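Q: Contents of structure07.cif (mmCIF, C-alpha atoms):
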data_upload
loop_
_atom_site.group_PDB
_atom_site.id
_atom_site.type_symbol
_atom_site.label_atom_id
_atom_site.label_comp_id
_atom_site.auth_asym_id
_atom_site.auth_seq_id
_atom_site.Cartn_x
_atom_site.Cartn_y
_atom_site.Cartn_z
ATOM 1 C CA MET A 874 11.478 12.623 -1.576
ATOM 2 C CA THR A 875 7.860 13.804 -1.626
ATOM 3 C CA THR A 876 5.869 13.239 -4.812
ATOM 4 C CA THR A 877 2.664 15.093 -3.768
ATOM 5 C CA GLN A 878 0.718 12.255 -5.321
ATOM 6 C CA GLN A 879 -2.149 10.204 -3.944
ATOM 7 C CA HIS A 880 -1.126 6.775 -2.631
ATOM 8 C CA VAL A 881 -3.584 3.963 -1.884
ATOM 9 C CA VAL A 882 -2.539 0.963 0.216
ATOM 10 C CA LEU A 883 -4.762 -2.037 -0.481
ATOM 11 C CA GLY A 884 -4.620 -4.143 2.660
ATOM 12 C CA GLY A 885 -3.586 -1.230 4.838
ATOM 13 C CA ASN A 886 -4.452 -2.925 8.137
ATOM 14 C CA GLY A 887 -1.963 -5.791 7.813
ATOM 15 C CA VAL A 888 1.529 -5.355 9.207
ATOM 16 C CA VAL A 889 3.131 -4.634 5.814
ATOM 17 C CA GLY A 890 0.293 -2.289 4.912
ATOM 18 C CA ARG A 891 0.627 -0.426 8.205
ATOM 19 C CA GLU A 892 4.374 -0.040 7.798
ATOM 20 C CA THR A 893 3.911 1.202 4.221
ATOM 21 C CA VAL A 894 1.287 3.728 5.293
ATOM 22 C CA ALA A 895 3.548 4.973 8.099
ATOM 23 C CA ALA A 896 6.547 5.303 5.766
ATOM 24 C CA LEU A 897 4.537 7.275 3.216
ATOM 25 C CA LEU A 898 3.127 9.559 5.898
ATOM 26 C CA ARG A 899 6.640 10.288 7.167
ATOM 27 C CA ARG A 900 7.391 11.543 3.674
ATOM 28 C CA GLY A 901 4.429 13.915 3.759
ATOM 29 C CA GLU A 902 2.504 11.940 1.135
ATOM 30 C CA ARG A 903 -1.272 11.811 0.802
ATOM 31 C CA VAL A 904 -2.240 8.269 1.761
ATOM 32 C CA THR A 905 -5.451 6.259 1.869
ATOM 33 C CA SER A 906 -5.461 2.994 3.798
ATOM 34 C CA VAL A 907 -7.943 0.478 2.390
ATOM 35 C CA GLY A 908 -9.239 -2.419 4.451
ATOM 36 C CA ARG A 909 -12.316 -4.123 5.816
ATOM 37 C CA ARG A 910 -12.193 -1.801 8.822
ATOM 38 C CA PRO A 911 -10.950 1.776 9.313
ATOM 39 C CA SER A 912 -7.248 2.338 9.907
ATOM 40 C CA ALA A 913 -6.050 3.216 13.397
ATOM 41 C CA ILE A 914 -3.075 5.207 12.077
ATOM 42 C CA GLY A 915 -3.316 8.930 12.690
ATOM 43 C CA GLY A 916 -3.096 11.206 9.661
ATOM 44 C CA VAL A 917 -4.181 8.630 7.107
ATOM 45 C CA THR A 918 -7.451 8.660 5.161
ATOM 46 C CA SER A 919 -9.419 5.440 5.664
ATOM 47 C CA ALA A 920 -11.519 3.658 3.086
ATOM 48 C CA THR A 921 -13.379 0.442 3.812
ATOM 49 C CA ALA A 922 -13.532 -2.053 0.990
ATOM 50 C CA ASP A 923 -13.626 -5.761 0.204
ATOM 51 C CA LEU A 924 -10.736 -6.568 -2.125
ATOM 52 C CA LEU A 925 -12.764 -9.484 -3.497
ATOM 53 C CA VAL A 926 -15.321 -7.006 -4.883
ATOM 54 C CA ALA A 927 -14.171 -5.322 -8.089
ATOM 55 C CA GLN A 928 -16.304 -2.220 -7.595
ATOM 56 C CA ASP A 929 -14.892 -1.690 -4.109
ATOM 57 C CA VAL A 930 -11.322 -1.863 -5.377
ATOM 58 C CA SER A 931 -12.007 0.428 -8.329
ATOM 59 C CA ARG A 932 -13.641 2.985 -6.063
ATOM 60 C CA ALA A 933 -10.691 2.858 -3.645
ATOM 61 C CA VAL A 934 -8.068 3.283 -6.379
ATOM 62 C CA ALA A 935 -9.866 6.059 -8.295
ATOM 63 C CA GLY A 936 -7.788 9.257 -8.276
ATOM 64 C CA ALA A 937 -4.599 7.617 -7.023
ATOM 65 C CA GLN A 938 -1.316 7.699 -8.892
ATOM 66 C CA LEU A 939 0.138 4.826 -6.836
ATOM 67 C CA ALA A 940 -1.517 1.730 -5.394
ATOM 68 C CA TYR A 941 0.229 -0.869 -3.244
ATOM 69 C CA LEU A 942 -1.203 -4.383 -3.004
ATOM 70 C CA THR A 943 -0.020 -5.539 0.427
ATOM 71 C CA ALA A 944 -3.038 -7.635 1.400
ATOM 72 C CA GLY A 945 -2.680 -10.914 3.232
ATOM 73 C CA ILE A 946 -5.293 -13.660 3.365
ATOM 74 C CA VAL A 947 -5.792 -16.784 5.475
ATOM 75 C CA TYR A 948 -2.794 -19.098 5.152
ATOM 76 C CA SER A 949 -4.540 -21.862 3.253
ATOM 77 C CA SER A 950 -3.805 -23.202 -0.221
ATOM 78 C CA THR A 951 -7.512 -23.694 -0.805
ATOM 79 C CA ILE A 952 -8.396 -20.132 0.158
ATOM 80 C CA TRP A 953 -5.414 -18.750 -1.764
ATOM 81 C CA ALA A 954 -6.579 -20.602 -4.903
ATOM 82 C CA GLN A 955 -10.071 -19.172 -4.507
ATOM 83 C CA GLN A 956 -9.282 -15.620 -3.470
ATOM 84 C CA TRP A 957 -5.800 -14.516 -4.570
ATOM 85 C CA PRO A 958 -6.510 -14.577 -8.347
ATOM 86 C CA VAL A 959 -9.632 -12.487 -7.716
ATOM 87 C CA ILE A 960 -7.785 -9.944 -5.564
ATOM 88 C CA VAL A 961 -4.978 -9.619 -8.103
ATOM 89 C CA LYS A 962 -7.429 -9.327 -11.010
ATOM 90 C CA ASN A 963 -9.391 -6.615 -9.201
ATOM 91 C CA ALA A 964 -6.206 -4.674 -8.463
ATOM 92 C CA ILE A 965 -5.068 -4.984 -12.099
ATOM 93 C CA GLU A 966 -8.418 -3.861 -13.477
ATOM 94 C CA ALA A 967 -8.597 -0.889 -11.126
ATOM 95 C CA ALA A 968 -5.014 0.168 -11.891
ATOM 96 C CA ILE A 969 -5.605 0.019 -15.649
ATOM 97 C CA ALA A 970 -8.954 1.806 -15.439
ATOM 98 C CA HIS A 971 -7.554 4.709 -13.434
ATOM 99 C CA GLY A 972 -4.032 4.921 -14.889
ATOM 100 C CA THR A 973 -2.532 3.957 -11.529
ATOM 101 C CA HIS A 974 0.902 2.427 -11.066
ATOM 102 C CA LEU A 975 0.607 -0.800 -9.051
ATOM 103 C CA VAL A 976 3.299 -1.846 -6.565
ATOM 104 C CA TYR A 977 2.774 -5.558 -5.995
ATOM 105 C CA PHE A 978 4.116 -6.989 -2.733
ATOM 106 C CA ASP A 979 5.262 -10.558 -3.316
ATOM 107 C CA ASN A 980 6.994 -13.420 -1.526
ATOM 108 C CA VAL A 981 9.513 -16.016 -2.718
ATOM 109 C CA TYR A 982 7.179 -19.002 -3.053
ATOM 110 C CA ALA A 983 7.205 -18.911 -6.873
ATOM 111 C CA TYR A 984 10.967 -19.550 -6.867
ATOM 112 C CA GLY A 985 10.525 -22.978 -5.338
ATOM 113 C CA LEU A 986 13.596 -24.726 -3.950
ATOM 114 C CA VAL A 987 16.670 -22.685 -4.901
ATOM 115 C CA SER A 988 20.274 -23.825 -4.713
ATOM 116 C CA GLY A 989 22.283 -20.801 -3.630
ATOM 117 C CA GLU A 990 21.095 -17.228 -3.267
ATOM 118 C CA MET A 991 17.747 -15.998 -4.514
ATOM 119 C CA THR A 992 18.179 -12.917 -6.698
ATOM 120 C CA GLU A 993 15.868 -10.918 -8.947
ATOM 121 C CA GLU A 994 17.129 -13.087 -11.847
ATOM 122 C CA THR A 995 16.248 -16.404 -10.189
ATOM 123 C CA PRO A 996 13.812 -18.272 -12.473
ATOM 124 C CA LEU A 997 10.349 -19.145 -11.228
ATOM 125 C CA HIS A 998 10.005 -22.853 -10.530
ATOM 126 C CA PRO A 999 7.273 -23.350 -7.915
ATOM 127 C CA VAL A 1000 7.127 -26.706 -6.157
ATOM 128 C CA SER A 1001 4.086 -26.034 -3.961
ATOM 129 C CA LYS A 1002 0.421 -25.155 -4.433
ATOM 130 C CA LYS A 1003 1.004 -21.741 -2.895
ATOM 131 C CA GLY A 1004 4.014 -21.195 -5.131
ATOM 132 C CA ARG A 1005 2.011 -21.985 -8.264
ATOM 133 C CA ILE A 1006 -0.695 -19.548 -7.184
ATOM 134 C CA ARG A 1007 1.940 -16.842 -6.734
ATOM 135 C CA ALA A 1008 3.525 -17.648 -10.098
ATOM 136 C CA ASP A 1009 0.122 -17.413 -11.797
ATOM 137 C CA ALA A 1010 -0.384 -13.975 -10.252
ATOM 138 C CA LEU A 1011 2.950 -12.790 -11.646
ATOM 139 C CA ALA A 1012 1.971 -14.129 -15.073
ATOM 140 C CA ALA A 1013 -1.320 -12.222 -14.872
ATOM 141 C CA LEU A 1014 0.522 -8.992 -14.067
ATOM 142 C CA GLN A 1015 2.943 -9.487 -16.965
ATOM 143 C CA ALA A 1016 0.125 -10.283 -19.384
ATOM 144 C CA ALA A 1017 -1.780 -7.171 -18.315
ATOM 145 C CA ALA A 1018 1.350 -5.074 -18.854
ATOM 146 C CA THR A 1019 2.091 -6.546 -22.280
ATOM 147 C CA GLU A 1020 -1.439 -6.619 -23.623
ATOM 148 C CA ARG A 1021 -3.178 -3.742 -21.838
ATOM 149 C CA GLY A 1022 -0.506 -1.323 -20.657
ATOM 150 C CA LEU A 1023 -0.557 -2.017 -16.928
ATOM 151 C CA SER A 1024 2.206 -0.121 -15.111
ATOM 152 C CA TYR A 1025 3.525 -2.155 -12.195
ATOM 153 C CA THR A 1026 6.509 -2.981 -9.991
ATOM 154 C CA VAL A 1027 7.123 -6.216 -8.080
ATOM 155 C CA ALA A 1028 8.483 -5.777 -4.541
ATOM 156 C CA ARG A 1029 9.577 -9.165 -3.216
ATOM 157 C CA SER A 1030 10.332 -10.021 0.394
ATOM 158 C CA ALA A 1031 11.834 -12.919 2.258
ATOM 159 C CA ASP A 1032 10.053 -14.341 5.301
ATOM 160 C CA PHE A 1033 9.577 -11.459 7.690
ATOM 161 C CA TYR A 1034 9.297 -10.513 11.337
ATOM 162 C CA GLY A 1035 8.737 -7.268 13.227
ATOM 163 C CA PRO A 1036 6.614 -5.438 15.800
ATOM 164 C CA GLY A 1037 2.996 -6.460 15.394
ATOM 165 C CA ALA A 1038 3.749 -9.069 12.705
ATOM 166 C CA LYS A 1039 1.125 -11.575 13.822
ATOM 167 C CA THR A 1040 1.510 -13.735 10.713
ATOM 168 C CA SER A 1041 5.275 -14.091 11.112
ATOM 169 C CA VAL A 1042 6.440 -17.587 12.039
ATOM 170 C CA PHE A 1043 9.443 -16.127 13.881
ATOM 171 C CA ASN A 1044 7.180 -13.814 15.889
ATOM 172 C CA THR A 1045 4.609 -16.502 16.660
ATOM 173 C CA PHE A 1046 6.786 -19.524 17.374
ATOM 174 C CA ALA A 1047 9.785 -17.804 18.906
ATOM 175 C CA LEU A 1048 9.642 -14.179 20.027
ATOM 176 C CA SER A 1049 6.135 -14.203 21.463
ATOM 177 C CA LYS A 1050 6.964 -17.368 23.399
ATOM 178 C CA LEU A 1051 10.187 -15.921 24.779
ATOM 179 C CA ALA A 1052 8.285 -12.788 25.793
ATOM 180 C CA ALA A 1053 5.909 -14.994 27.762
ATOM 181 C CA GLY A 1054 8.756 -16.854 29.473
ATOM 182 C CA LYS A 1055 8.386 -20.006 27.375
ATOM 183 C CA LYS A 1056 10.711 -21.964 25.124
ATOM 184 C CA ALA A 1057 11.174 -20.670 21.592
ATOM 185 C CA THR A 1058 10.498 -23.006 18.690
ATOM 186 C CA TRP A 1059 12.283 -23.120 15.333
ATOM 187 C CA LEU A 1060 10.938 -25.260 12.530
ATOM 188 C CA PHE A 1061 12.820 -28.329 11.289
ATOM 189 C CA ASP A 1062 16.485 -27.245 11.370
ATOM 190 C CA ALA A 1063 17.823 -24.469 13.595
ATOM 191 C CA ASP A 1064 21.288 -24.660 12.036
ATOM 192 C CA GLN A 1065 20.381 -23.754 8.462
ATOM 193 C CA PRO A 1066 20.837 -20.095 7.401
ATOM 194 C CA HIS A 1067 17.504 -18.402 6.804
ATOM 195 C CA SER A 1068 17.010 -14.817 5.603
ATOM 196 C CA LEU A 1069 14.466 -12.725 7.490
ATOM 197 C CA GLY A 1070 13.172 -9.312 6.451
ATOM 198 C CA TYR A 1071 12.195 -6.700 9.028
ATOM 199 C CA THR A 1072 8.718 -5.265 8.464
ATOM 200 C CA PRO A 1073 9.613 -1.588 9.078
ATOM 201 C CA ASP A 1074 12.283 -2.005 6.383
ATOM 202 C CA ILE A 1075 9.702 -3.537 4.054
ATOM 203 C CA GLY A 1076 7.332 -0.603 4.514
ATOM 204 C CA GLU A 1077 10.149 1.887 4.004
ATOM 205 C CA ALA A 1078 11.268 0.112 0.831
ATOM 206 C CA LEU A 1079 7.743 -0.002 -0.600
ATOM 207 C CA ALA A 1080 7.407 3.731 0.019
ATOM 208 C CA LEU A 1081 10.747 4.271 -1.742
ATOM 209 C CA LEU A 1082 9.560 2.311 -4.771
ATOM 210 C CA GLY A 1083 6.375 4.370 -4.881
ATOM 211 C CA THR A 1084 8.074 7.731 -4.613
ATOM 212 C CA HIS A 1085 11.124 7.022 -6.810
ATOM 213 C CA ARG A 1086 9.986 6.000 -10.233
ATOM 214 C CA ALA A 1087 13.468 4.918 -11.304
ATOM 215 C CA GLY A 1088 12.593 1.401 -10.211
ATOM 216 C CA SER A 1089 9.238 1.340 -11.994
ATOM 217 C CA GLY A 1090 8.495 -1.792 -13.969
ATOM 218 C CA ASP A 1091 11.192 -3.933 -12.382
ATOM 219 C CA THR A 1092 11.301 -6.678 -9.759
ATOM 220 C CA TRP A 1093 13.122 -5.712 -6.563
ATOM 221 C CA HIS A 1094 14.242 -7.756 -3.584
ATOM 222 C CA LEU A 1095 13.507 -5.649 -0.528
ATOM 223 C CA PRO A 1096 16.291 -4.858 1.985
ATOM 224 C CA THR A 1097 17.177 -7.900 4.060
ATOM 225 C CA ALA A 1098 20.076 -8.400 6.470
ATOM 226 C CA PRO A 1099 22.554 -11.246 5.856
ATOM 227 C CA ALA A 1100 21.091 -14.600 6.804
ATOM 228 C CA LEU A 1101 21.752 -16.150 10.192
ATOM 229 C CA THR A 1102 20.834 -19.605 11.402
ATOM 230 C CA GLY A 1103 17.720 -20.093 13.482
ATOM 231 C CA ARG A 1104 19.869 -20.738 16.528
ATOM 232 C CA GLU A 1105 21.787 -17.505 15.964
ATOM 233 C CA TYR A 1106 18.573 -15.498 15.704
ATOM 234 C CA LEU A 1107 17.319 -17.027 18.931
ATOM 235 C CA HIS A 1108 20.583 -16.357 20.732
ATOM 236 C CA LEU A 1109 20.251 -12.695 19.715
ATOM 237 C CA ALA A 1110 16.787 -12.781 21.291
ATOM 238 C CA GLY A 1111 18.376 -13.890 24.541
ATOM 239 C CA ALA A 1112 17.496 -17.584 24.368
ATOM 240 C CA SER A 1113 19.946 -20.146 25.665
ATOM 241 C CA ASP A 1114 20.257 -23.508 23.924
ATOM 242 C CA ALA A 1115 18.086 -24.945 26.690
ATOM 243 C CA GLN A 1116 15.319 -22.496 25.728
ATOM 244 C CA ILE A 1117 15.308 -23.543 22.070
ATOM 245 C CA ALA A 1118 13.051 -26.324 20.835
ATOM 246 C CA VAL A 1119 13.249 -27.595 17.244
ATOM 247 C CA MET A 1120 10.048 -28.967 15.761
ATOM 248 C CA SER A 1121 10.840 -31.998 13.604
ATOM 249 C CA ARG A 1122 9.124 -32.830 10.331
ATOM 250 C CA THR A 1123 7.823 -36.008 11.942
ATOM 251 C CA THR A 1124 6.111 -33.996 14.664
ATOM 252 C CA MET A 1125 4.696 -31.643 12.050
ATOM 253 C CA ARG A 1126 3.430 -34.565 9.949
ATOM 254 C CA ILE A 1127 1.623 -36.011 12.951
ATOM 255 C CA GLY A 1128 0.178 -32.587 13.721
ATOM 256 C CA SER A 1129 -0.958 -32.191 10.129
ATOM 257 C CA LEU A 1130 -3.370 -35.093 10.608
ATOM 258 C CA PHE A 1131 -5.375 -32.950 12.995
ATOM 259 C CA ASN A 1132 -4.368 -29.355 12.361
ATOM 260 C CA SER A 1133 -4.811 -27.443 9.087
ATOM 261 C CA ALA A 1134 -2.117 -24.890 9.983
ATOM 262 C CA ALA A 1135 0.405 -27.721 10.353
ATOM 263 C CA ARG A 1136 -0.594 -29.091 6.938
ATOM 264 C CA GLU A 1137 -0.042 -25.696 5.360
ATOM 265 C CA ALA A 1138 3.349 -25.295 7.025
ATOM 266 C CA LEU A 1139 4.444 -28.776 6.003
ATOM 267 C CA GLU A 1140 3.957 -27.954 2.311
ATOM 268 C CA MET A 1141 6.583 -25.210 2.606
ATOM 269 C CA SER A 1142 9.005 -27.199 4.769
ATOM 270 C CA TYR A 1143 11.691 -27.169 2.067
ATOM 271 C CA GLN A 1144 12.300 -23.537 2.991
ATOM 272 C CA ASP A 1145 13.456 -24.585 6.455
ATOM 273 C CA THR A 1146 15.400 -27.752 5.725
ATOM 274 C CA GLU A 1147 17.766 -26.160 3.192
ATOM 275 C CA PRO A 1148 19.658 -22.835 3.140
ATOM 276 C CA TYR A 1149 17.219 -19.975 2.479
ATOM 277 C CA LEU A 1150 19.350 -17.113 1.180
ATOM 278 C CA PHE A 1151 17.772 -13.899 -0.099
ATOM 279 C CA ASP A 1152 19.979 -11.348 -1.840
ATOM 280 C CA SER A 1153 18.885 -7.684 -1.785
ATOM 281 C CA CYS A 1154 22.101 -5.989 -2.912
ATOM 282 C CA SER A 1155 20.486 -4.444 -5.991
ATOM 283 C CA PHE A 1156 18.040 -2.456 -3.877
ATOM 284 C CA LYS A 1157 20.790 -1.078 -1.657
ATOM 285 C CA THR A 1158 22.826 -0.094 -4.717
ATOM 286 C CA ALA A 1159 19.902 1.602 -6.443
ATOM 287 C CA PHE A 1160 18.272 3.346 -3.492
ATOM 288 C CA GLY A 1161 20.987 3.555 -0.847
ATOM 289 C CA MET A 1162 18.861 1.811 1.775
ATOM 290 C CA ALA A 1163 20.575 -0.708 4.042
ATOM 291 C CA PRO A 1164 18.564 -3.197 6.118
ATOM 292 C CA THR A 1165 18.177 -2.753 9.857
ATOM 293 C CA PRO A 1166 20.769 -4.842 11.762
ATOM 294 C CA VAL A 1167 19.222 -8.080 12.969
ATOM 295 C CA ALA A 1168 20.067 -7.469 16.632
ATOM 296 C CA GLU A 1169 18.270 -4.110 16.515
ATOM 297 C CA GLY A 1170 15.222 -5.557 14.768
ATOM 298 C CA ILE A 1171 14.931 -8.461 17.176
ATOM 299 C CA ALA A 1172 15.260 -6.159 20.193
ATOM 300 C CA ALA A 1173 12.455 -3.909 18.954
ATOM 301 C CA THR A 1174 10.215 -6.845 18.075
ATOM 302 C CA LEU A 1175 10.831 -8.597 21.397
ATOM 303 C CA ALA A 1176 10.025 -5.356 23.238
ATOM 304 C CA ALA A 1177 6.723 -5.129 21.348
ATOM 305 C CA GLU A 1178 5.908 -8.756 22.170
ATOM 306 C CA ARG A 1179 6.658 -8.153 25.866
ATOM 307 C CA ALA A 1180 4.393 -5.108 25.849
ATOM 308 C CA LEU A 1181 1.581 -7.302 24.499
ATOM 309 C CA VAL A 1182 2.157 -9.822 27.285
ATOM 310 C CA LEU A 1183 1.999 -7.070 29.920
ATOM 311 C CA ALA A 1184 -1.172 -5.666 28.388
ATOM 312 C CA SER A 1185 -2.956 -9.024 28.303
#
Show me, as structure tokens, the structure contained in the file I just sent.
A:
Amino acid sequence: MTTTQQHVVLGGNGVVGRETVAALLRRGERVTSVGRRPSAIGGVTSATADLLVAQDVSRAVAGAQLAYLTAGIVYSSTIWAQQWPVIVKNAIEAAIAHGTHLVYFDNVYAYGLVSGEMTEETPLHPVSKKGRIRADALAALQAAATERGLSYTVARSADFYGPGAKTSVFNTFALSKLAAGKKATWLFDADQPHSLGYTPDIGEALALLGTHRAGSGDTWHLPTAPALTGREYLHLAGASDAQIAVMSRTTMRIGSLFNSAAREALEMSYQDTEPYLFDSCSFKTAFGMAPTPVAEGIAATLAAERALVLAS
């Protein structure tokens, strides 16, 4: 479906932004990719902007019917607390000022620890600093809709992986290591089921939400294949049990004394020590889009990681 509208992707240089831009372009849409540097994707209009600067965001969104907030920032609770409310506020203000529908890309942190499957009806109960920041952002969106007429949709994803997904734990700790001939690492418990979204699917789903207004104003779980255990994912990537290392919480705690990334990961460890089950059936029913099979997604991602190794 082509809407012949102007689409603006805020954070267009990140992996989710790139996949969203590509999906919109495949539909023949007019797309502007907004980031700190020009986009490398052919056929897209580039706009450079700082999402922390309200005037930059307003200028980027002006004239667009759809805006997608797909930006990612440094994985730090401190930086999230400082920057994410500002980015969300700037996107809200720009969307209201220009009558633009905002598609907000979200994660599951605001749910906290969930017993059973996460669905669109799961209540928000954050148990981490990052989760509370995400919950506050959702509250700001709802308040802007109720009090000021903001038009928005929430597009929520599980943890993700995919070609070029540099911020993906599965890419970084497992697939990139296997591509380099090293052991793959899974965090905390390789025998718990853990849902993983595939970034090309995420981009395709965001484009669907932007070009099919039937889902406007709702929260949607983006297409995600049935959960496998960490060990099962790694076996699909070709790893034997001897090539799989499991990082314990004790090791991570020791690392957190010296490494900020370990401290940030430790805060979210509940996601890896319990079943992490993300249900996306509603999206498939509404839009007819099924997730890419895990084996296919892993094969494509591993091929991309091997190409990076060969190029380095």
Q: So, counting all atoms listed in the file, which residue among A:Leu1011, A:Val894, A:Leu883, A:Ala1173 is closest to Gly1037 of chain A?
A: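 For Gly1037 of chain A, the nearest of the candidates is A:Ala1173.
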Q: When you look at Arg1007 of chain A with a cut-off of 10 Å (counting all atoms listed in the file), what residues show up, excluding the ones that are within fewer than 2 positions of it in the same chain? I need them as a list in words.
A: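 Returned residues: Trp953, Ala954, Trp957, Pro958, Asp979, Asn980, Val981, Tyr982, Ala983, Tyr984, Leu997, Pro999, Ser1001, Lys1002, Lys1003, Gly1004, Arg1005, Asp1009, Ala1010, Leu1011, Ala1012 and Ala1013 of chain A.
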Q: Give me the residues within 10 Å of Gly915 of chain A as a PDB file with C-alpha atoms, in the coordinates of the input, counting only C-alpha atoms and dropping any in the same chain fewer than 4 places off.
A:
ATOM      1  CA  ALA A 895       3.548   4.973   8.099  1.00  0.00           C
ATOM      2  CA  LEU A 898       3.127   9.559   5.898  1.00  0.00           C
ATOM      3  CA  SER A 919      -9.419   5.440   5.664  1.00  0.00           C
TER       4      SER A 919
END
Q: Can you work out which one of A:Ala1080, A:Leu1051, A:Val907, A:Leu1095 has the shortest atom-to-atom distance to Ser1113 of chain A, counting only C-alpha atoms?
A: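 Under the stated criterion, the closest residue is A:Leu1051.
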Q: List every residue of segment 914-1023 of chain A that has an atom at most 10 Å from any atom of segment 1142-1163 of chain A, and for each one report the closest atom pair and its distance in Å to one decimal, counting all atoms listed in the file, with rows sorted by chain and then by increasing residue number, as JSON lines.
A:
{"residue": "A:Val981", "atom": "CA", "partner": "A:Phe1151", "partner_atom": "CA", "distance": 8.9}
{"residue": "A:Tyr982", "atom": "CA", "partner": "A:Gln1144", "partner_atom": "CA", "distance": 9.1}
{"residue": "A:Gly985", "atom": "CA", "partner": "A:Gln1144", "partner_atom": "CA", "distance": 8.5}
{"residue": "A:Leu986", "atom": "CA", "partner": "A:Tyr1143", "partner_atom": "CA", "distance": 6.8}
{"residue": "A:Val987", "atom": "CA", "partner": "A:Tyr1149", "partner_atom": "CA", "distance": 7.9}
{"residue": "A:Ser988", "atom": "CA", "partner": "A:Pro1148", "partner_atom": "CA", "distance": 7.9}
{"residue": "A:Gly989", "atom": "CA", "partner": "A:Leu1150", "partner_atom": "CA", "distance": 6.7}
{"residue": "A:Glu990", "atom": "CA", "partner": "A:Leu1150", "partner_atom": "CA", "distance": 4.8}
{"residue": "A:Met991", "atom": "CA", "partner": "A:Phe1151", "partner_atom": "CA", "distance": 4.9}
{"residue": "A:Thr992", "atom": "CA", "partner": "A:Asp1152", "partner_atom": "CA", "distance": 5.4}
{"residue": "A:Glu993", "atom": "CA", "partner": "A:Asp1152", "partner_atom": "CA", "distance": 8.2}
{"residue": "A:Val1000", "atom": "CA", "partner": "A:Tyr1143", "partner_atom": "CA", "distance": 9.4}
{"residue": "A:Ser1001", "atom": "CA", "partner": "A:Tyr1143", "partner_atom": "CA", "distance": 9.8}
Q: From the set A:Asp1062, A:Thr1026, A:Thr918, A:Leu1081, which residue has the shortest atom-to-atom contact distance to Arg900 of chain A, counting all atoms listed in the file?
A: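 Smallest separation from Arg900 of chain A among the options: A:Leu1081.
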Q: Dump as a short mmCIF file (atom, residue, chain, number, x, y, z; two decimals) with C-alpha atoms, in the frame of the given file all residues having an atom at most 10 Å from (7.6, 5.7, 7.1), computed in the file's coordinates with only C-alpha atoms.
A:
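Written file, selection.cif:
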data_model
loop_
_atom_site.label_atom_id
_atom_site.label_comp_id
_atom_site.auth_asym_id
_atom_site.auth_seq_id
_atom_site.Cartn_x
_atom_site.Cartn_y
_atom_site.Cartn_z
CA ARG A 891 0.63 -0.43 8.20
CA GLU A 892 4.37 -0.04 7.80
CA THR A 893 3.91 1.20 4.22
CA VAL A 894 1.29 3.73 5.29
CA ALA A 895 3.55 4.97 8.10
CA ALA A 896 6.55 5.30 5.77
CA LEU A 897 4.54 7.28 3.22
CA LEU A 898 3.13 9.56 5.90
CA ARG A 899 6.64 10.29 7.17
CA ARG A 900 7.39 11.54 3.67
CA GLY A 901 4.43 13.92 3.76
CA PRO A 1073 9.61 -1.59 9.08
CA ASP A 1074 12.28 -2.00 6.38
CA ILE A 1075 9.70 -3.54 4.05
CA GLY A 1076 7.33 -0.60 4.51
CA GLU A 1077 10.15 1.89 4.00
CA ALA A 1078 11.27 0.11 0.83
CA LEU A 1079 7.74 0.00 -0.60
CA ALA A 1080 7.41 3.73 0.02
CA LEU A 1081 10.75 4.27 -1.74
#
Q: So which residues touch Ala1100 of chain A within 9 Å, counting all atoms listed in the file, skipping near sequence neighbours fewer than 2 positions away, as a compact mmCIF listing (two decimals) with C-alpha atoms, keeping the file's coordinate frame?
A:
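Written output follows (part.txt):
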# COMPACT_ATOMS: atom_id res chain seq x y z
CA PRO A 1066 20.84 -20.10 7.40
CA HIS A 1067 17.50 -18.40 6.80
CA SER A 1068 17.01 -14.82 5.60
CA LEU A 1069 14.47 -12.72 7.49
CA THR A 1097 17.18 -7.90 4.06
CA ALA A 1098 20.08 -8.40 6.47
CA THR A 1102 20.83 -19.60 11.40
CA TYR A 1149 17.22 -19.98 2.48
CA LEU A 1150 19.35 -17.11 1.18
CA PHE A 1151 17.77 -13.90 -0.10
Q: Please, which residues are within 9 Å of (7.0, -2.8, 16.4) by the file's coordinates, counting only C-alpha atoms, and could they come as a tab-separated table (two decimals) with C-alpha atoms, in the frame of the given file?
A:
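What follows is the written file selection_29.tsv:
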chain	number	residue	atom	x	y	z
A	1035	GLY	CA	8.74	-7.27	13.23
A	1036	PRO	CA	6.61	-5.44	15.80
A	1037	GLY	CA	3.00	-6.46	15.39
A	1038	ALA	CA	3.75	-9.07	12.70
A	1072	THR	CA	8.72	-5.26	8.46
A	1073	PRO	CA	9.61	-1.59	9.08
A	1170	GLY	CA	15.22	-5.56	14.77
A	1173	ALA	CA	12.46	-3.91	18.95
A	1174	THR	CA	10.22	-6.84	18.08
A	1175	LEU	CA	10.83	-8.60	21.40
A	1176	ALA	CA	10.02	-5.36	23.24
A	1177	ALA	CA	6.72	-5.13	21.35
A	1178	GLU	CA	5.91	-8.76	22.17
Q: Hey, what's within 7 Å of Asn886 of chain A if we count only C-alpha atoms and toss same-chain stuff fewer than 4 positions away? As a ChimeraX atom specification, please?
A: /A:890-891,908,912
Q: Write out as a list of chain:residue names which residues come within 8 Å of segment 959-972 of chain A when counting all atoms listed in the file, dropping same-chain ones fewer than 2 positions away.
A: A:Leu924, A:Leu925, A:Val926, A:Ala927, A:Val930, A:Ser931, A:Val934, A:Ala935, A:Gly936, A:Ala937, A:Gln938, A:Ala940, A:Leu942, A:Gln955, A:Gln956, A:Trp957, A:His974, A:Leu975, A:Ala1010, A:Ala1013, A:Leu1014, A:Ala1017, A:Arg1021, A:Gly1022, A:Leu1023, A:Ser1024
Q: To one decimal in Å, tell me the separation between atom CA of Lys1056 of chain A and atom CA of Gln1116 of chain A.
A: 4.7 Å
Q: Would you translate the PyMOL selection byres ((chain A and resi 1107) around 12) into the concrete set of residues it matches in this file, as a PyMOL selection string?
A: chain A and resi 1043-1044+1046-1051+1056-1059+1063-1064+1101-1106+1108-1119+1167-1168+1171-1172+1175
